[in-house]
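Participant: The structure that follows is given in the form of structure tokens.
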Amino acid sequence: MDNETDNTPREDFGDYCRAPGANWSTLKLMGSPANARWTLDNPDAGDTASRGMLRAVHCLVLEPHVFDRDFALCTVRRDARTAKYKDWLSDNEGKTALTQREYDQAQAMAAAVHSSPLTGPVFASPTGRGEESIKWVDPVTGTPCKGRTDWQDDDEDGTLRFDDLKSVPSVDPGEIGRMIVRMKWLGQFAHYIDGLRTLNPGRDVRCRIVCVETSPPYDVGVFLLDDVALNAGEMMRRPLLNRYAECTASGVWPGRHHEPVYPDIPSYGLPSLDFGSNND
């Protein structure tokens with residue numbers, strides 16, 4: 001794979017998924033290589049109705065011109081055992097079914113992003129590029145890698161910036177901080193930054209998190225990440241990618257544990273011992 005030229009813009013998402021390469025969705029599961037391997041072999045197993053709605057939000061914000069091609073309102077019960085739903089699927093082949101509630105929610109969330117003075121200009125930029133596929137070779141392991149950034153744009157100072165769109169319960173900074181840790185977002189951003197820097201040698205690459213709440217009034221926020229956070233993301237990503245390369249080379253994808261271990265019991269679940277008191 002040629003790092004200098006293999007950067008395919010606006011690749012169909014299905015083609016992107018089928019293309020070889022380590023993406024973050026796989027790497028984040030490498031704490032248990034067996035889990036990662038199963039997910040690779042069963043790519044549709046994790047798809048749910050809620051994920052369909054969130055994909056609709058992404059489409060409405062990033063690629064609104066293809067929304068009607070990929071999504072449709074479904075007014076019958078989504079039960080593949082019923083004739084009505086089978087007829088709907090036949091009439092809407094390849095489209096994601098959205099209930100009226102999901103359809104309205106996706107439209108409202110996207111409208112909030114586009115109408116906000118904080119985020120509207122980001123996705124209205126004439127130089128912005130949505131849903132960009134990036135493919136590169138990791139120089140350390142020689143592993144083909146891939147990613148799909150939500151939005152890329154060129155800042156006035158020459159920086160290449162990507163914005164990652166997230167649907168969240170709250171744009172409270174503390175809640176976003178907890179989600180960053182729980183969802184391992186820093187590893188994801190480090191993966192994208194490594195790819196973009198490899199494909200754009202010499203350019204500074206930065207990222208931001210664009211968040212929209214999933215309930216009214218669908219508040220939005222933009223969150224910045226400093227070098228400390230991004231370096232922590234690379235420290236999270238590197239051992240996972242190294243292990244992915246090892247498993248790919250050997251064909252062996254072990255489970256999480258190879259020997260008995262102690263559980264990580266949180267401190268709040270243990271009794272508090274006050275050794276300084278004197279109860280004589």
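Every chain in the structure tokens has a letter given in the order shown (A, B, ...), and although residue numbers restart at 1 in each chain, ligands are simply numbered from 1 in the order shown.
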At a cut-off of 12 Å, using only C-alpha atoms, what residues contact region 21-31 of chain A? Leave out same-chain residues fewer than 5 positions from it and give the result as a PyMOL selection string.
Facilitator: chain A and resi 1+16+36-43+46+133-138+141-149+182-195+233-234+236-248+253-257
Participant: Can you list, as a VMD selection string, every residue of region 12-119 of chain A that DSSP puts in helix (DSSP H, G or I)?
Facilitator: chain A and resid 13 to 18 24 to 27 33 to 41 49 to 62 64 to 70 83 to 91 100 to 115
Participant: Which residue, A:Cys17, A:Leu89, A:Leu54, A:Ala97, has the smallest gap to Leu73 (chain A) when you use only C-alpha atoms?
Facilitator: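 Looking at the shortest contact to Leu73 (chain A), the residue is A:Ala97.
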Participant: For the atom pair CA of Val171 (chain A) and CA of Thr96 (chain A), what is the interatomic distance in Å to one decimal place?
Facilitator: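 These atoms are spaced 27.5 Å apart.
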